[in-house]
Every structure is written in C-alpha cells, then in structure tokens.
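> What follows is structure10.cif, made up of mmCIF, C-alpha atoms:
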data_data
#
loop_
_atom_site.group_PDB
_atom_site.id
_atom_site.type_symbol
_atom_site.label_atom_id
_atom_site.label_comp_id
_atom_site.auth_asym_id
_atom_site.auth_seq_id
_atom_site.Cartn_x
_atom_site.Cartn_y
_atom_site.Cartn_z
ATOM 1 C CA MET E 226 19.880 -62.369 16.272
ATOM 2 C CA ALA E 227 19.380 -62.464 20.026
ATOM 3 C CA ASP E 228 17.300 -65.655 19.855
ATOM 4 C CA PRO E 229 18.028 -67.536 16.596
ATOM 5 C CA TYR E 230 16.137 -70.663 17.693
ATOM 6 C CA GLY E 231 12.968 -69.015 18.993
ATOM 7 C CA ARG E 232 9.659 -68.037 17.441
ATOM 8 C CA HIS E 233 9.209 -64.425 16.438
ATOM 9 C CA TRP E 234 6.190 -62.317 15.484
ATOM 10 C CA GLY E 235 6.346 -59.785 12.677
ATOM 11 C CA TYR E 236 5.276 -56.745 14.672
ATOM 12 C CA GLU E 237 7.523 -57.673 17.609
ATOM 13 C CA LEU E 238 10.509 -58.005 15.244
ATOM 14 C CA GLY E 239 9.790 -54.574 13.827
ATOM 15 C CA LYS E 240 9.661 -53.020 17.283
ATOM 16 C CA LYS E 241 12.931 -54.687 18.328
ATOM 17 C CA ALA E 242 14.689 -53.645 15.131
ATOM 18 C CA GLY E 243 13.201 -50.161 15.208
ATOM 19 C CA LEU E 244 11.644 -50.646 11.759
ATOM 20 C CA ARG E 245 8.164 -49.797 10.514
ATOM 21 C CA SER E 246 5.723 -52.569 9.586
ATOM 22 C CA GLY E 247 5.809 -51.414 5.971
ATOM 23 C CA VAL E 248 9.490 -52.406 5.871
ATOM 24 C CA VAL E 249 9.430 -55.487 8.108
ATOM 25 C CA TYR E 250 6.601 -57.494 6.509
ATOM 26 C CA PRO E 251 7.869 -57.283 2.905
ATOM 27 C CA ALA E 252 11.374 -58.158 4.179
ATOM 28 C CA LEU E 253 9.977 -61.198 6.007
ATOM 29 C CA SER E 254 8.196 -62.279 2.829
ATOM 30 C CA ARG E 255 11.435 -62.079 0.859
ATOM 31 C CA MET E 256 13.310 -64.089 3.517
ATOM 32 C CA LEU E 257 10.557 -66.709 3.444
ATOM 33 C CA GLU E 258 10.862 -66.951 -0.335
ATOM 34 C CA ASP E 259 14.642 -67.304 -0.036
ATOM 35 C CA GLY E 260 14.278 -70.053 2.575
ATOM 36 C CA TRP E 261 15.911 -68.092 5.387
ATOM 37 C CA LEU E 262 12.746 -68.317 7.471
ATOM 38 C CA SER E 263 9.911 -70.749 7.971
ATOM 39 C CA ASP E 264 6.513 -69.720 9.250
ATOM 40 C CA GLY E 265 3.553 -71.204 11.068
ATOM 41 C CA TRP E 266 0.420 -70.305 12.998
ATOM 42 C CA GLU E 267 -0.091 -70.449 16.725
ATOM 43 C CA GLU E 268 -2.150 -73.362 17.969
ATOM 44 C CA SER E 269 -5.364 -72.297 19.701
ATOM 45 C CA TRP E 270 -4.088 -73.494 23.080
ATOM 46 C CA GLU E 271 -0.870 -71.463 22.841
ATOM 47 C CA GLY E 272 -2.336 -68.076 23.516
ATOM 48 C CA ASP E 273 -5.485 -66.298 24.439
ATOM 49 C CA ARG E 274 -8.386 -68.161 22.820
ATOM 50 C CA LYS E 275 -10.372 -64.963 22.387
ATOM 51 C CA ARG E 276 -8.113 -63.686 19.648
ATOM 52 C CA PRO E 277 -7.169 -65.115 16.251
ATOM 53 C CA PRO E 278 -3.876 -67.069 16.050
ATOM 54 C CA ARG E 279 -0.717 -65.155 15.211
ATOM 55 C CA ARG E 280 1.736 -66.078 12.486
ATOM 56 C CA TYR E 281 5.220 -66.787 13.737
ATOM 57 C CA TYR E 282 8.580 -66.936 12.008
ATOM 58 C CA GLU E 283 11.539 -69.203 12.786
ATOM 59 C CA ILE E 284 15.014 -69.014 11.330
ATOM 60 C CA THR E 285 15.921 -72.059 9.243
ATOM 61 C CA ASP E 286 19.386 -73.668 9.164
ATOM 62 C CA LYS E 287 20.010 -71.931 5.863
ATOM 63 C CA GLY E 288 18.911 -68.663 7.451
ATOM 64 C CA ARG E 289 21.268 -69.154 10.391
ATOM 65 C CA HIS E 290 24.198 -69.758 8.004
ATOM 66 C CA GLU E 291 23.286 -66.712 5.934
ATOM 67 C CA LEU E 292 22.829 -64.645 9.076
ATOM 68 C CA ALA E 293 26.214 -65.713 10.452
ATOM 69 C CA ALA E 294 27.846 -64.830 7.122
ATOM 70 C CA LEU E 295 26.042 -61.493 7.120
ATOM 71 C CA VAL E 296 27.180 -60.670 10.648
ATOM 72 C CA ALA E 297 30.753 -61.672 9.765
ATOM 73 C CA THR E 298 30.652 -59.406 6.717
ATOM 74 C CA ALA E 299 29.218 -56.560 8.764
ATOM 75 C CA GLN E 300 31.927 -56.950 11.396
ATOM 76 C CA THR E 301 34.642 -56.533 8.792
ATOM 77 C CA ASP E 302 32.810 -53.699 7.078
ATOM 78 C CA ARG E 303 33.892 -50.424 8.637
ATOM 79 C CA ARG E 304 30.520 -48.823 7.932
ATOM 80 C CA PHE E 305 28.741 -51.193 10.362
ATOM 81 C CA ALA E 306 31.559 -51.755 12.864
ATOM 82 C CA GLY E 307 30.154 -49.355 15.441
ATOM 83 C CA ALA E 308 26.602 -50.689 15.093
ATOM 84 C CA VAL E 309 27.628 -54.340 15.427
ATOM 85 C CA MET E 310 29.775 -53.633 18.462
ATOM 86 C CA PHE E 311 26.960 -51.608 19.969
ATOM 87 C CA ARG E 312 24.433 -54.435 19.441
ATOM 88 C CA ALA E 313 26.899 -56.986 20.795
ATOM 89 C CA SER E 314 27.471 -54.948 23.954
ATOM 90 C CA GLU E 315 23.654 -54.561 24.311
ATOM 91 C CA ALA E 316 23.200 -58.345 24.136
ATOM 92 C CA VAL P 168 -10.165 -36.604 34.290
ATOM 93 C CA VAL P 169 -12.464 -38.866 36.311
ATOM 94 C CA GLU P 170 -15.441 -36.664 35.391
ATOM 95 C CA LEU P 171 -14.395 -36.786 31.765
ATOM 96 C CA LEU P 172 -14.117 -40.561 31.822
ATOM 97 C CA ALA P 173 -17.459 -40.834 33.574
ATOM 98 C CA SER P 174 -19.166 -38.909 30.760
ATOM 99 C CA PRO P 175 -21.189 -41.334 28.606
ATOM 100 C CA ARG P 176 -20.168 -39.539 25.426
ATOM 101 C CA VAL P 177 -16.446 -39.829 26.166
ATOM 102 C CA PHE P 178 -16.940 -43.463 27.113
ATOM 103 C CA LEU P 179 -18.772 -44.139 23.848
ATOM 104 C CA VAL P 180 -16.083 -42.380 21.788
ATOM 105 C CA ALA P 181 -13.376 -44.371 23.609
ATOM 106 C CA VAL P 182 -15.203 -47.648 22.937
ATOM 107 C CA VAL P 183 -15.566 -46.797 19.256
ATOM 108 C CA ILE P 184 -11.980 -45.586 18.786
ATOM 109 C CA LEU P 185 -10.263 -48.279 20.832
ATOM 110 C CA GLY P 186 -12.652 -51.201 20.565
ATOM 111 C CA PHE P 187 -14.466 -51.070 17.252
ATOM 112 C CA LEU P 188 -12.668 -48.926 14.695
ATOM 113 C CA PRO P 189 -9.185 -50.555 14.698
ATOM 114 C CA GLY P 190 -10.499 -54.048 13.931
ATOM 115 C CA PHE P 191 -13.061 -52.738 11.467
ATOM 116 C CA ILE P 192 -10.631 -50.547 9.539
ATOM 117 C CA LEU P 193 -7.921 -53.218 9.546
ATOM 118 C CA ARG P 194 -10.315 -55.793 8.123
ATOM 119 C CA LEU P 195 -11.269 -53.305 5.419
ATOM 120 C CA ILE P 196 -7.738 -52.378 4.403
ATOM 121 C CA VAL P 197 -6.392 -55.954 4.366
ATOM 122 C CA ARG P 198 -8.987 -56.699 1.704
ATOM 123 C CA LEU P 199 -6.512 -55.126 -0.678
ATOM 124 C CA TYR P 200 -4.509 -58.347 -0.356
ATOM 125 C CA PRO P 201 -5.789 -61.239 -2.496
ATOM 126 C CA ARG P 202 -8.326 -63.547 -0.820
ATOM 127 C CA HIS P 203 -5.960 -66.229 0.493
ATOM 128 C CA HIS P 204 -2.941 -64.048 1.218
ATOM 129 C CA PRO P 205 -1.617 -64.957 4.705
ATOM 130 C CA ARG P 206 -1.027 -61.302 5.617
ATOM 131 C CA ARG P 207 -4.806 -60.819 6.001
ATOM 132 C CA ASP P 208 -4.992 -63.162 9.014
ATOM 133 C CA GLU P 209 -1.507 -62.308 10.221
ATOM 134 C CA LEU P 210 -2.288 -58.619 10.719
ATOM 135 C CA SER P 211 -5.591 -59.421 12.460
ATOM 136 C CA GLY P 212 -3.793 -61.835 14.786
ATOM 137 C CA GLU P 213 -1.152 -59.228 15.597
ATOM 138 C CA LEU P 214 -3.803 -56.550 16.236
ATOM 139 C CA TYR P 215 -5.682 -58.508 18.892
ATOM 140 C CA SER P 216 -2.483 -59.462 20.696
ATOM 141 C CA LEU P 217 -1.765 -55.783 21.362
ATOM 142 C CA PRO P 218 -3.140 -53.767 24.265
ATOM 143 C CA LEU P 219 -6.221 -51.677 23.403
ATOM 144 C CA TRP P 220 -4.477 -48.326 23.446
ATOM 145 C CA LYS P 221 -1.847 -49.442 20.917
ATOM 146 C CA ARG P 222 -4.340 -50.747 18.362
ATOM 147 C CA PRO P 223 -5.242 -47.455 16.592
ATOM 148 C CA PHE P 224 -1.525 -46.752 16.081
ATOM 149 C CA PHE P 225 -0.940 -50.287 14.810
ATOM 150 C CA VAL P 226 -3.751 -49.912 12.267
ATOM 151 C CA ALA P 227 -2.442 -46.530 11.135
ATOM 152 C CA GLU P 228 0.973 -48.141 10.589
ATOM 153 C CA GLN P 229 -0.536 -50.934 8.524
ATOM 154 C CA PHE P 230 -1.829 -48.482 5.899
ATOM 155 C CA GLU P 231 1.753 -48.249 4.704
ATOM 156 C CA THR P 232 2.202 -52.040 4.694
ATOM 157 C CA VAL P 233 -0.995 -52.592 2.753
ATOM 158 C CA LEU P 234 -0.293 -49.791 0.305
ATOM 159 C CA PHE P 235 3.250 -50.884 -0.525
ATOM 160 C CA GLU P 236 2.840 -54.668 -0.253
ATOM 161 C CA GLY P 237 -0.844 -55.457 -0.793
ATOM 162 C CA LEU P 238 -1.587 -53.045 -3.608
ATOM 163 C CA PRO P 239 1.197 -54.261 -5.965
ATOM 164 C CA VAL P 240 0.153 -57.888 -5.355
ATOM 165 C CA ARG P 241 -3.466 -57.015 -6.095
ATOM 166 C CA VAL P 242 -2.583 -55.012 -9.216
ATOM 167 C CA SER P 243 -0.410 -57.812 -10.595
ATOM 168 C CA LEU P 244 -3.155 -60.360 -9.878
ATOM 169 C CA VAL P 245 -5.759 -58.253 -11.682
ATOM 170 C CA GLY P 246 -3.296 -57.828 -14.570
ATOM 171 C CA GLN P 247 -2.669 -61.588 -14.752
ATOM 172 C CA ARG P 248 -6.390 -62.378 -14.704
ATOM 173 C CA SER P 249 -7.156 -59.753 -17.337
ATOM 174 C CA ARG P 250 -4.384 -61.032 -19.604
ATOM 175 C CA SER P 251 -5.463 -64.662 -19.283
ATOM 176 C CA TRP P 252 -9.109 -63.653 -19.868
ATOM 177 C CA LEU P 253 -8.146 -61.679 -22.969
ATOM 178 C CA ARG P 254 -6.019 -64.581 -24.282
ATOM 179 C CA ARG P 255 -8.837 -67.060 -23.705
ATOM 180 C CA GLU P 256 -11.409 -64.796 -25.338
ATOM 181 C CA TRP P 257 -9.099 -64.182 -28.285
ATOM 182 C CA ARG P 258 -8.446 -67.928 -28.732
ATOM 183 C CA GLU P 259 -12.140 -68.796 -28.504
ATOM 184 C CA ARG P 260 -13.261 -66.025 -30.804
ATOM 185 C CA THR P 261 -10.670 -66.506 -33.488
ATOM 186 C CA ALA P 262 -10.928 -70.299 -33.602
ATOM 187 C CA THR P 263 -13.791 -70.370 -36.121
ATOM 188 C CA THR P 264 -14.953 -68.208 -39.008
ATOM 189 C CA GLY P 265 -18.177 -67.462 -37.132
ATOM 190 C CA GLY P 266 -16.152 -66.388 -34.112
ATOM 191 C CA ARG P 267 -13.990 -64.103 -36.234
ATOM 192 C CA ILE P 268 -17.058 -62.486 -37.810
ATOM 193 C CA GLU P 269 -18.544 -62.091 -34.341
ATOM 194 C CA LEU P 270 -15.326 -60.465 -33.140
ATOM 195 C CA VAL P 271 -15.261 -57.988 -36.048
ATOM 196 C CA PHE P 272 -18.911 -57.053 -35.490
ATOM 197 C CA GLY P 273 -18.245 -56.807 -31.754
ATOM 198 C CA LEU P 274 -15.381 -54.368 -32.304
ATOM 199 C CA LEU P 275 -17.556 -52.390 -34.736
ATOM 200 C CA THR P 276 -20.317 -52.250 -32.125
ATOM 201 C CA VAL P 277 -17.879 -50.919 -29.506
ATOM 202 C CA ALA P 278 -16.493 -48.374 -31.984
ATOM 203 C CA LEU P 279 -20.015 -47.252 -32.881
ATOM 204 C CA ALA P 280 -20.982 -46.979 -29.217
ATOM 205 C CA LEU P 281 -17.866 -44.899 -28.514
ATOM 206 C CA ALA P 282 -18.545 -42.700 -31.556
ATOM 207 C CA MET P 283 -22.072 -42.039 -30.282
ATOM 208 C CA THR P 284 -21.022 -41.546 -26.654
ATOM 209 C CA MET P 285 -18.309 -38.976 -27.161
ATOM 210 C CA PRO P 286 -20.380 -36.235 -28.865
ATOM 211 C CA ILE P 287 -23.259 -36.735 -26.437
ATOM 212 C CA VAL P 288 -20.939 -36.407 -23.425
ATOM 213 C CA ALA P 289 -19.131 -33.440 -24.976
ATOM 214 C CA VAL P 290 -22.332 -31.558 -25.852
ATOM 215 C CA ASP P 291 -23.769 -32.311 -22.418
ATOM 216 C CA ALA P 292 -20.639 -30.990 -20.707
ATOM 217 C CA LEU P 293 -20.626 -27.829 -22.840
ATOM 218 C CA ASN P 294 -24.365 -27.206 -22.616
ATOM 219 C CA GLY P 295 -25.066 -23.491 -22.093
ATOM 220 C CA LYS P 296 -21.413 -22.528 -22.563
ATOM 221 C CA ARG P 297 -19.960 -20.388 -25.303
ATOM 222 C CA VAL P 298 -17.528 -22.132 -27.667
ATOM 223 C CA GLY P 299 -16.084 -19.452 -29.948
ATOM 224 C CA PRO P 300 -19.003 -17.637 -31.544
ATOM 225 C CA VAL P 301 -21.512 -20.397 -30.725
ATOM 226 C CA VAL P 302 -23.455 -21.011 -27.514
ATOM 227 C CA VAL P 303 -23.953 -24.760 -27.162
ATOM 228 C CA ASN P 304 -27.555 -25.673 -26.576
ATOM 229 C CA SER P 305 -28.314 -29.358 -26.068
ATOM 230 C CA THR P 306 -31.966 -30.001 -26.852
ATOM 231 C CA PRO P 307 -32.295 -33.391 -25.140
ATOM 232 C CA SER P 308 -32.232 -33.282 -21.354
ATOM 233 C CA ARG P 309 -29.405 -34.833 -19.335
ATOM 234 C CA PHE P 310 -31.797 -37.605 -18.292
ATOM 235 C CA SER P 311 -32.607 -38.566 -21.882
ATOM 236 C CA ASN P 312 -28.876 -38.453 -22.741
ATOM 237 C CA VAL P 313 -28.109 -40.837 -19.889
ATOM 238 C CA VAL P 314 -30.935 -43.179 -20.911
ATOM 239 C CA PHE P 315 -29.691 -43.168 -24.500
ATOM 240 C CA LEU P 316 -26.100 -43.931 -23.420
ATOM 241 C CA VAL P 317 -27.241 -46.725 -21.122
ATOM 242 C CA LEU P 318 -29.191 -48.231 -24.017
ATOM 243 C CA ILE P 319 -26.187 -48.023 -26.360
ATOM 244 C CA TRP P 320 -23.819 -49.700 -23.877
ATOM 245 C CA ALA P 321 -26.444 -52.238 -22.848
ATOM 246 C CA THR P 322 -26.562 -53.260 -26.528
ATOM 247 C CA VAL P 323 -22.787 -53.831 -26.466
ATOM 248 C CA VAL P 324 -23.043 -55.923 -23.298
ATOM 249 C CA VAL P 325 -25.965 -57.928 -24.688
ATOM 250 C CA TYR P 326 -24.004 -58.538 -27.896
ATOM 251 C CA PHE P 327 -21.037 -59.783 -25.857
ATOM 252 C CA PHE P 328 -23.054 -62.184 -23.699
ATOM 253 C CA LEU P 329 -25.263 -63.286 -26.600
ATOM 254 C CA GLY P 330 -22.118 -64.315 -28.479
ATOM 255 C CA ARG P 331 -20.809 -66.254 -25.500
ATOM 256 C CA TRP P 332 -24.168 -67.927 -24.950
ATOM 257 C CA MET P 333 -24.532 -68.902 -28.614
ATOM 258 C CA ARG P 334 -20.983 -70.254 -28.729
ATOM 259 C CA SER P 335 -21.547 -72.353 -25.613
ATOM 260 C CA GLY P 336 -24.782 -73.657 -27.239
ATOM 261 C CA MET P 337 -22.890 -74.499 -30.446
ATOM 262 C CA ASN P 338 -20.212 -76.332 -28.449
ATOM 263 C CA GLN P 339 -22.843 -78.546 -26.877
ATOM 264 C CA ILE P 340 -24.165 -79.710 -30.259
ATOM 265 C CA ASP P 341 -22.780 -83.135 -31.060
ATOM 266 C CA PRO P 342 -21.034 -82.907 -34.464
ATOM 267 C CA ASP P 343 -22.168 -86.469 -35.269
#
Write out the structure in this file as structure tokens.

Amino acid sequence: MADPYGRHWGYELGKKAGLRSGVVYPALSRMLEDGWLSDGWEESWEGDRKRPPRRYYEITDKGRHELAALVATAQTDRRFAGAVMFRASEA
Amino acid sequence: VVELLASPRVFLVAVVILGFLPGFILRLIVRLYPRHHPRRDELSGELYSLPLWKRPFFVAEQFETVLFEGLPVRVSLVGQRSRSWLRREWRERTATTGGRIELVFGLLTVALALAMTMPIVAVDALNGKRVGPVVVNSTPSRFSNVVFLVLIWATVVVYFFLGRWMRSGMNQIDPD
C-alpha cells in the first residue's frame, strides 16, 4: 500500500504486514492467479551475484483498482476504521 | 564470549548452524513442491538475501509454508497422475479380449498374493504368543517367510510388466 508501483519481495511483505510466511506466500499465489499481481525474477546484475535471484511481485492496474476499492470498503467498515486510520497516520 | 568464539568447536557449530544447515534443510523441504514450482527457487533466493543470523529462523518459518502450500499441491499432483495412469491402464487393458483376460488373471494373481500374505504376516506377528487356548508356533523362520513373500509379490510384478511388454510387442506387429 505504501509503494503501489514498486517491486516487493514475499518475505519482506510478510515482515511489513506482520504476517507469517505460511500466510503470505499462499495469499500472493492467489493474488497472482486473480491478476492482482504480476511477478518476475531479479536480473543477475540487480543484486549480489553470489546468491540466486529473488522473485519479485508488482501490483497490476487491476490490483491497484481492487486495492483502492478494498481500502475504501475498509474505511467505511467500522471494524477496520481504527486500523486504517492508524496505518494512514503511520504512512 | 571472546574465548567461547575462539574455541574451534563453537566456531564449527556456528558454521554448520548458520552457514550449512539452513540452505541444506531448505533445499530438502522445498522438494515437497513439484519440480518446476516457482516457490522452490523463490525461497532459496529469499534465504540468501538475508543476513546469516536470520537464516535458521527463516528456514524454520518455511516449514509451515511448505507443509500448508507445498504438500497439498504435491498430493493433488500425485492423485492426478495416479488417476490418469489408472484410466490409461484400464483403457489399454479393456480394449481387447486378450487384455480383458489378462486383467482378470492379474486381479486374481493380486488376490491370491494377498490371500497368501495375510496369514503368513499374521502367524509371524503372533509367533510364540498365546491366542485363546493355543500357543502360535510358526515353523518357518522369519527369513524364509520374507523370502516367500518377496517371491509371491515378485510374481505379481513380473506378471504386470510381462503383460505390458507383450502388449507393446503386439502393438508393433503390422496387422497387414
């Protein structure tokens, strides 16, 4: 949400969201299947050559629309109001 | 602490725990994913981008991922392959009269092998024990029982492959 146009790594996303890998990776797979995300692999020159390339995820246009709708829904939903405001003030 | 770190044994343990084991264990557990599943390389890539001290914790966390994501994928793949294999075998074997006869004899062979296996295994397991008023005493040794069972099941396997081999030979014969 903080960087909708950037590249994100699965483990990093989990850490930022405070979720375990066992939850994050299956969720990423489902979002890929639904077309919310696209994925790719680092080029060898992008990082440290001594390690294998990492898989990254980017939000697609469809994903951004869905995300915006989701945030709008959450903002009107009283259950998430505090959390959304908290995240917004953090960002 | 410096003395502890200077100890060769502690150094060796640290190298194994931080340097060798995480990569080794991760590569083992990701094998639960099917061969070309992207998660295999993804998790390895993520592991080596982390600092050394975080790697054991990362690997421990991935047990959950592999168990709840990789295992169901693997099980469904094995199920799919088994079903398609069974369908193909069934189609091939029931296509001709010879195949149907072969199938019936094959099933009889398996039934016979099972009927011979069960009492041998049961008597072997109960050997020397009292069952009601009778003390079970198996005359053949465990070794001879095992040899006999191997022979029985080898016959079933040979029958299966012999049938396949003969059918493939028959298919190569030009009907003209």
> Near chain P, meaning an atom within 8 Å, which residues of chain E appear when counting only C-alpha atoms? Write them as an NGL selection string.
:E and (234 or 236 or 245-248 or 250-251 or 276-280)
> If I take CA of His203 in chain P and CA of Ser249 in chain P, how far is one from the other in Å, to one decimal?
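Answer for the CA of His203 in chain P to CA of Ser249 in chain P separation: 19.0 Å.
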> List the spatial neighbours of Gly235 in chain E as a PyMOL selection string - criterion: any atom at most 8 Å away, all atoms listed in the file, same-chain residues fewer than 2 positions off excluded.
chain E and resi 233+237-239+246+249-250+253+280-282
> I need the residue nearest Ile287 in chain P from this list: P:Tyr326, P:Trp332, P:Phe315, P:Phe178. Use only C-alpha atoms for the distance.
P:Phe315
> Range 253-259 of chain P: which residues within 12 Å, counting only C-alpha atoms, same-chain residues fewer than 6 positions away excluded, as a ChimeraX atom specification?
/P:246-247,265-267,269-271,327,330-331,334-335,338
> Hey, can you pull every residue with an atom no more than 8 Å from (11.8, -68.1, 18.2), using only C-alpha atoms, and send it as a list in words?
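Residues lying no farther than 8 Å from the given point: Asp228, Pro229, Tyr230, Gly231, Arg232, His233, Tyr282, Glu283 and Ile284 of chain E.
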> Please, what distance in Å, to one decimal, runs between CA of Glu258 in chain E and CA of Val242 in chain P?
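Between CA of Glu258 in chain E and CA of Val242 in chain P the gap works out to 20.1 Å.
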> Set the distance at 10 Å and use all atoms listed in the file: which residues neighbour Leu293 in chain P once local chain neighbours fewer than 5 positions away are removed? I'd like the list as a list of chain:residue names.
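Counting only the stated atoms, we get P:Ile287, P:Val288, P:Val298, P:Val302, P:Val303, P:Asn304, P:Ser305.
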> To one decimal place in Å, what is the distance between CA of Leu244 in chain E and CA of Leu244 in chain P?
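So the answer is 28.0 Å.
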> Could the centre and edge lengths of an axis-aligned box, enclosing all atoms of range 244-252 of chain E in the file with 6 Å extra on each side, be given in Å to one decimal as AutoDock Vina command-line options?

--center_x 8.7 --center_y -54.0 --center_z 7.3 --size_x 17.9 --size_y 20.4 --size_z 20.9
> Which is closer to Arg241 in chain P than all the others in P:Ala282, P:Ala227, P:Val197, P:Leu316, using only C-alpha atoms?
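Result for the nearest residue to Arg241 in chain P: P:Val197.
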> Taking 4 positions as the minimum chain separation for residues in the same chain, which residues sit within 12 Å of Pro307 in chain P when counting only C-alpha atoms? Answer as JSON, numbers by chain.
{"P": [287, 288, 290, 291, 294, 311, 312, 313, 314, 315]}
